[in-house]
$ cat model24.pdb   # PDB, C-alpha atoms
ATOM      1  CA  MET A   1       0.000   0.000   0.000  1.00  0.00           C
ATOM      2  CA  ALA A   2       1.486   3.325  -1.047  1.00  0.00           C
ATOM      3  CA  MET A   3       1.709   6.172   1.410  1.00  0.00           C
ATOM      4  CA  GLY A   4      -0.164   9.242   0.311  1.00  0.00           C
ATOM      5  CA  PRO A   5       0.878  12.840   1.046  1.00  0.00           C
ATOM      6  CA  SER A   6      -1.452  13.109   4.046  1.00  0.00           C
ATOM      7  CA  ASN A   7      -0.010   9.947   5.662  1.00  0.00           C
ATOM      8  CA  LYS A   8       3.569  11.249   5.252  1.00  0.00           C
ATOM      9  CA  SER A   9       2.709  14.611   6.728  1.00  0.00           C
ATOM     10  CA  ALA A  10       0.941  12.986   9.687  1.00  0.00           C
ATOM     11  CA  LYS A  11       4.053  10.901  10.453  1.00  0.00           C
ATOM     12  CA  PHE A  12       6.248  13.977  10.134  1.00  0.00           C
ATOM     13  CA  ALA A  13       3.975  15.933  12.489  1.00  0.00           C
ATOM     14  CA  THR A  14       4.108  13.096  15.035  1.00  0.00           C
ATOM     15  CA  ALA A  15       7.921  12.919  14.824  1.00  0.00           C
ATOM     16  CA  ALA A  16       8.232  16.708  15.141  1.00  0.00           C
ATOM     17  CA  PHE A  17       5.967  16.718  18.204  1.00  0.00           C
ATOM     18  CA  ALA A  18       8.017  13.912  19.817  1.00  0.00           C
ATOM     19  CA  ALA A  19      11.282  15.774  19.150  1.00  0.00           C
ATOM     20  CA  GLN A  20       9.890  18.993  20.642  1.00  0.00           C
ATOM     21  CA  SER A  21       8.669  17.109  23.717  1.00  0.00           C
ATOM     22  CA  VAL A  22      12.062  15.506  24.318  1.00  0.00           C
ATOM     23  CA  LEU A  23      13.826  18.844  23.845  1.00  0.00           C
ATOM     24  CA  SER A  24      11.456  20.531  26.316  1.00  0.00           C
ATOM     25  CA  VAL A  25      12.100  17.870  28.963  1.00  0.00           C
ATOM     26  CA  LEU A  26      15.886  18.164  28.510  1.00  0.00           C
ATOM     27  CA  VAL A  27      15.838  21.968  28.750  1.00  0.00           C
ATOM     28  CA  GLY A  28      13.655  21.759  31.863  1.00  0.00           C
ATOM     29  CA  ALA A  29      16.056  19.287  33.500  1.00  0.00           C
ATOM     30  CA  VAL A  30      19.038  21.521  32.757  1.00  0.00           C
ATOM     31  CA  LEU A  31      17.262  24.552  34.204  1.00  0.00           C
ATOM     32  CA  ILE A  32      16.332  22.659  37.381  1.00  0.00           C
ATOM     33  CA  PHE A  33      19.562  20.763  38.026  1.00  0.00           C
ATOM     34  CA  ALA A  34      22.224  23.210  36.766  1.00  0.00           C
ATOM     35  CA  PRO A  35      24.271  24.972  39.492  1.00  0.00           C
ATOM     36  CA  ARG A  36      22.867  28.410  40.263  1.00  0.00           C
ATOM     37  CA  GLY A  37      26.003  30.534  40.258  1.00  0.00           C
ATOM     38  CA  GLU A  38      28.489  32.310  42.474  1.00  0.00           C
ATOM     39  CA  ASN A  39      28.424  31.061  46.086  1.00  0.00           C
ATOM     40  CA  ALA A  40      25.159  29.156  45.590  1.00  0.00           C
ATOM     41  CA  PRO A  41      25.033  25.689  47.180  1.00  0.00           C
ATOM     42  CA  ALA A  42      26.045  22.916  44.809  1.00  0.00           C
ATOM     43  CA  MET A  43      25.858  19.154  45.227  1.00  0.00           C
ATOM     44  CA  LEU A  44      28.954  17.270  44.118  1.00  0.00           C
ATOM     45  CA  TYR A  45      28.252  13.666  43.147  1.00  0.00           C
ATOM     46  CA  PRO A  46      31.236  11.475  42.215  1.00  0.00           C
ATOM     47  CA  MET A  47      30.438   9.345  39.170  1.00  0.00           C
ATOM     48  CA  THR A  48      33.330   6.885  39.583  1.00  0.00           C
ATOM     49  CA  ALA A  49      35.117   5.202  42.494  1.00  0.00           C
ATOM     50  CA  GLU A  50      38.268   7.174  41.635  1.00  0.00           C
ATOM     51  CA  ALA A  51      36.336  10.458  41.757  1.00  0.00           C
ATOM     52  CA  GLN A  52      34.843   9.445  45.120  1.00  0.00           C
ATOM     53  CA  ARG A  53      38.320   8.858  46.569  1.00  0.00           C
ATOM     54  CA  ALA A  54      39.683  12.132  45.144  1.00  0.00           C
ATOM     55  CA  LEU A  55      36.736  14.356  46.112  1.00  0.00           C
ATOM     56  CA  PRO A  56      37.692  15.097  49.762  1.00  0.00           C
ATOM     57  CA  ALA A  57      41.169  16.246  48.679  1.00  0.00           C
ATOM     58  CA  LEU A  58      39.674  18.446  45.963  1.00  0.00           C
ATOM     59  CA  LEU A  59      37.334  20.034  48.501  1.00  0.00           C
ATOM     60  CA  SER A  60      40.164  20.971  50.858  1.00  0.00           C
ATOM     61  CA  ARG A  61      41.100  23.891  48.599  1.00  0.00           C
ATOM     62  CA  PRO A  62      40.931  27.367  50.193  1.00  0.00           C
ATOM     63  CA  GLY A  63      37.606  29.113  49.673  1.00  0.00           C
ATOM     64  CA  THR A  64      35.533  25.931  49.582  1.00  0.00           C
ATOM     65  CA  LEU A  65      33.059  25.403  52.412  1.00  0.00           C
ATOM     66  CA  ILE A  66      31.548  21.948  52.889  1.00  0.00           C
ATOM     67  CA  VAL A  67      28.007  22.632  54.047  1.00  0.00           C
ATOM     68  CA  SER A  68      26.923  19.017  54.590  1.00  0.00           C
ATOM     69  CA  ARG A  69      26.933  15.531  53.209  1.00  0.00           C
ATOM     70  CA  ALA A  70      24.223  14.914  50.673  1.00  0.00           C
ATOM     71  CA  LYS A  71      21.648  12.121  50.772  1.00  0.00           C
ATOM     72  CA  ARG A  72      23.596  10.193  48.115  1.00  0.00           C
ATOM     73  CA  ASP A  73      26.640   8.125  49.133  1.00  0.00           C
ATOM     74  CA  GLY A  74      29.911  10.014  48.733  1.00  0.00           C
ATOM     75  CA  ALA A  75      28.209  13.268  47.728  1.00  0.00           C
ATOM     76  CA  TYR A  76      28.739  16.649  49.387  1.00  0.00           C
ATOM     77  CA  ILE A  77      26.948  19.967  49.384  1.00  0.00           C
ATOM     78  CA  ILE A  78      29.388  22.870  49.134  1.00  0.00           C
ATOM     79  CA  ARG A  79      29.549  26.648  48.846  1.00  0.00           C
ATOM     80  CA  GLY A  80      32.396  28.794  47.600  1.00  0.00           C
ATOM     81  CA  GLU A  81      32.511  28.457  43.860  1.00  0.00           C
ATOM     82  CA  ARG A  82      35.702  29.719  42.249  1.00  0.00           C
ATOM     83  CA  PRO A  83      36.188  30.302  38.511  1.00  0.00           C
ATOM     84  CA  GLY A  84      37.261  27.066  36.852  1.00  0.00           C
ATOM     85  CA  PHE A  85      36.860  24.983  40.038  1.00  0.00           C
ATOM     86  CA  LEU A  86      33.580  23.368  39.018  1.00  0.00           C
ATOM     87  CA  ASN A  87      34.907  22.662  35.521  1.00  0.00           C
ATOM     88  CA  ALA A  88      37.940  20.923  37.067  1.00  0.00           C
ATOM     89  CA  LEU A  89      35.594  18.797  39.178  1.00  0.00           C
ATOM     90  CA  MET A  90      33.523  17.781  36.143  1.00  0.00           C
ATOM     91  CA  GLU A  91      36.703  16.814  34.253  1.00  0.00           C
ATOM     92  CA  ARG A  92      37.585  14.443  37.111  1.00  0.00           C
ATOM     93  CA  GLY A  93      34.220  12.662  37.024  1.00  0.00           C
ATOM     94  CA  VAL A  94      32.291  14.687  39.603  1.00  0.00           C
ATOM     95  CA  LEU A  95      28.766  15.701  38.629  1.00  0.00           C
ATOM     96  CA  VAL A  96      27.908  19.223  39.824  1.00  0.00           C
ATOM     97  CA  LEU A  97      24.203  19.853  40.511  1.00  0.00           C
ATOM     98  CA  ASN A  98      22.005  22.531  42.054  1.00  0.00           C
ATOM     99  CA  ALA A  99      21.769  21.525  45.730  1.00  0.00           C
ATOM    100  CA  SER A 100      18.193  22.771  46.069  1.00  0.00           C
ATOM    101  CA  ALA A 101      16.953  20.599  43.162  1.00  0.00           C
ATOM    102  CA  PRO A 102      14.614  17.697  43.944  1.00  0.00           C
ATOM    103  CA  GLY A 103      16.464  14.633  45.213  1.00  0.00           C
ATOM    104  CA  CYS A 104      19.724  16.427  45.988  1.00  0.00           C
ATOM    105  CA  GLY A 105      19.041  16.749  49.681  1.00  0.00           C
ATOM    106  CA  PRO A 106      18.271  19.622  51.991  1.00  0.00           C
ATOM    107  CA  VAL A 107      20.695  22.496  52.252  1.00  0.00           C
ATOM    108  CA  LEU A 108      21.637  22.594  55.922  1.00  0.00           C
ATOM    109  CA  ARG A 109      23.170  25.555  57.694  1.00  0.00           C
ATOM    110  CA  GLY A 110      26.578  25.122  59.259  1.00  0.00           C
ATOM    111  CA  THR A 111      29.549  23.011  58.328  1.00  0.00           C
ATOM    112  CA  ILE A 112      30.886  19.526  58.905  1.00  0.00           C
ATOM    113  CA  ARG A 113      34.485  18.670  59.557  1.00  0.00           C
TER     114      ARG A 113
END
$ encode --input "model24.pdb" --output "structure tokens"
Amino acid sequence: MAMGPSNKSAKFATAAFAAQSVLSVLVGAVLIFAPRGENAPAMLYPMTAEAQRALPALLSRPGTLIVSRAKRDGAYIIRGERPGFLNALMERGVLVLNASAPGCGPVLRGTIR
């Protein structure tokens, strides 16, 4: 059975709607989970075992304040963003998220040692 012009356009419209829906969900996730900016709380989640071992040493840099441990194993909530610091963390396998995003854990006042 040959596909007529109306059948092709209906499939194209369905595919275009699906692509727009996926793009909208991805943009929404980025807006919710992206770190907020200078001195905003960020959750650091190590993606590998090596990153989990290296994370405490990376956080001992001057100007970094560990606010609390996050709900996830090996994750921390920090303040004190410095230019290039978060990029260096991501290059070492540490995922940097907005700490106030759903599932990242409450932002607690005070510090841990």
$ atom_distance --input "model24.pdb" --atom1 "CA of Val27 (chain A)" --atom2 "CA of Arg79 (chain A)"
24.8 Å
$ resolve_selection --input "model24.pdb" --expression "the PyMOL selection byres ((chain A and resi 87-90) around 10)" --output "VMD selection string"
chain A and resid 44 to 47 51 54 to 55 58 to 59 82 to 86 91 to 96
$ axis_aligned_box --input "model24.pdb" --around "region 57-72 of chain A" --padding-each-side "8 Å" --output "AutoDock Vina command-line options"
--center_x 31.4 --center_y 19.7 --center_z 50.3 --size_x 35.5 --size_y 34.9 --size_z 24.6
$ atom_distance --input "model24.pdb" --atom1 "CA of Ala19 (chain A)" --atom2 "CA of Phe33 (chain A)"
21.2 Å
$ residues_around --input "model24.pdb" --residues "Ile78 (chain A)" --least-positions-apart "4" --cutoff "10 Å" --atoms "only C-alpha atoms" --output "PyMOL selection string"
chain A and resi 39-44+59+64-70+99+107+111
$ build_atoms --input "model24.pdb" --residues "region 59-70 of chain A" --atoms "all heavy atoms" --output "compact mmCIF listing (two decimals), in the coordinates of the input"
# COMPACT_ATOMS: atom_id res chain seq x y z
N LEU A 59 38.13 19.08 47.73
CA LEU A 59 37.33 20.03 48.50
C LEU A 59 38.14 20.75 49.58
O LEU A 59 37.64 21.69 50.19
CB LEU A 59 36.14 19.32 49.14
CG LEU A 59 35.13 18.78 48.14
CD1 LEU A 59 34.03 18.04 48.87
CD2 LEU A 59 34.57 19.88 47.29
N SER A 60 39.36 20.31 49.82
CA SER A 60 40.16 20.97 50.86
C SER A 60 40.82 22.25 50.36
O SER A 60 41.57 22.88 51.11
CB SER A 60 41.23 20.00 51.38
OG SER A 60 42.15 19.71 50.34
N ARG A 61 40.53 22.66 49.14
CA ARG A 61 41.10 23.89 48.60
C ARG A 61 40.57 25.10 49.38
O ARG A 61 39.44 25.09 49.86
CB ARG A 61 40.72 24.03 47.13
CG ARG A 61 41.26 22.92 46.28
CD ARG A 61 40.67 22.97 44.91
NE ARG A 61 41.32 23.99 44.12
CZ ARG A 61 41.16 24.13 42.81
NH1 ARG A 61 40.37 23.30 42.17
NH2 ARG A 61 41.77 25.07 42.16
N PRO A 62 41.39 26.15 49.51
CA PRO A 62 40.93 27.37 50.19
C PRO A 62 39.71 27.97 49.48
O PRO A 62 39.63 27.93 48.26
CB PRO A 62 42.12 28.31 50.10
CG PRO A 62 43.28 27.46 49.76
CD PRO A 62 42.77 26.26 49.05
N GLY A 63 38.80 28.48 50.23
CA GLY A 63 37.61 29.11 49.67
C GLY A 63 36.45 28.17 49.44
O GLY A 63 35.40 28.59 48.96
N THR A 64 36.61 26.90 49.75
CA THR A 64 35.53 25.93 49.58
C THR A 64 34.99 25.56 50.95
O THR A 64 35.74 25.16 51.83
CB THR A 64 36.04 24.66 48.88
OG1 THR A 64 36.60 25.03 47.63
CG2 THR A 64 34.91 23.69 48.65
N LEU A 65 33.71 25.72 51.14
CA LEU A 65 33.06 25.40 52.41
C LEU A 65 32.15 24.19 52.21
O LEU A 65 31.24 24.22 51.39
CB LEU A 65 32.23 26.60 52.88
CG LEU A 65 31.38 26.39 54.13
CD1 LEU A 65 32.27 26.21 55.35
CD2 LEU A 65 30.46 27.58 54.32
N ILE A 66 32.42 23.12 52.94
CA ILE A 66 31.55 21.95 52.89
C ILE A 66 30.38 22.22 53.83
O ILE A 66 30.57 22.35 55.03
CB ILE A 66 32.30 20.68 53.30
CG1 ILE A 66 33.48 20.41 52.36
CG2 ILE A 66 31.34 19.49 53.29
CD1 ILE A 66 34.35 19.27 52.79
N VAL A 67 29.20 22.32 53.26
CA VAL A 67 28.01 22.63 54.05
C VAL A 67 27.49 21.38 54.74
O VAL A 67 27.17 21.40 55.92
CB VAL A 67 26.91 23.25 53.15
CG1 VAL A 67 25.65 23.52 53.95
CG2 VAL A 67 27.42 24.53 52.51
N SER A 68 27.40 20.27 54.01
CA SER A 68 26.92 19.02 54.59
C SER A 68 27.21 17.87 53.63
O SER A 68 27.65 18.08 52.51
CB SER A 68 25.42 19.09 54.88
OG SER A 68 24.69 19.11 53.67
N ARG A 69 26.94 16.68 54.11
CA ARG A 69 26.93 15.53 53.21
C ARG A 69 25.55 15.46 52.59
O ARG A 69 24.56 15.76 53.24
CB ARG A 69 27.23 14.25 53.97
CG ARG A 69 28.65 14.15 54.43
CD ARG A 69 28.90 12.78 55.03
NE ARG A 69 30.22 12.73 55.58
CZ ARG A 69 31.24 12.11 54.99
NH1 ARG A 69 31.06 11.50 53.86
NH2 ARG A 69 32.43 12.11 55.54
N ALA A 70 25.50 15.04 51.36
CA ALA A 70 24.22 14.91 50.67
C ALA A 70 23.60 13.56 50.98
O ALA A 70 24.22 12.70 51.59
CB ALA A 70 24.43 15.09 49.17
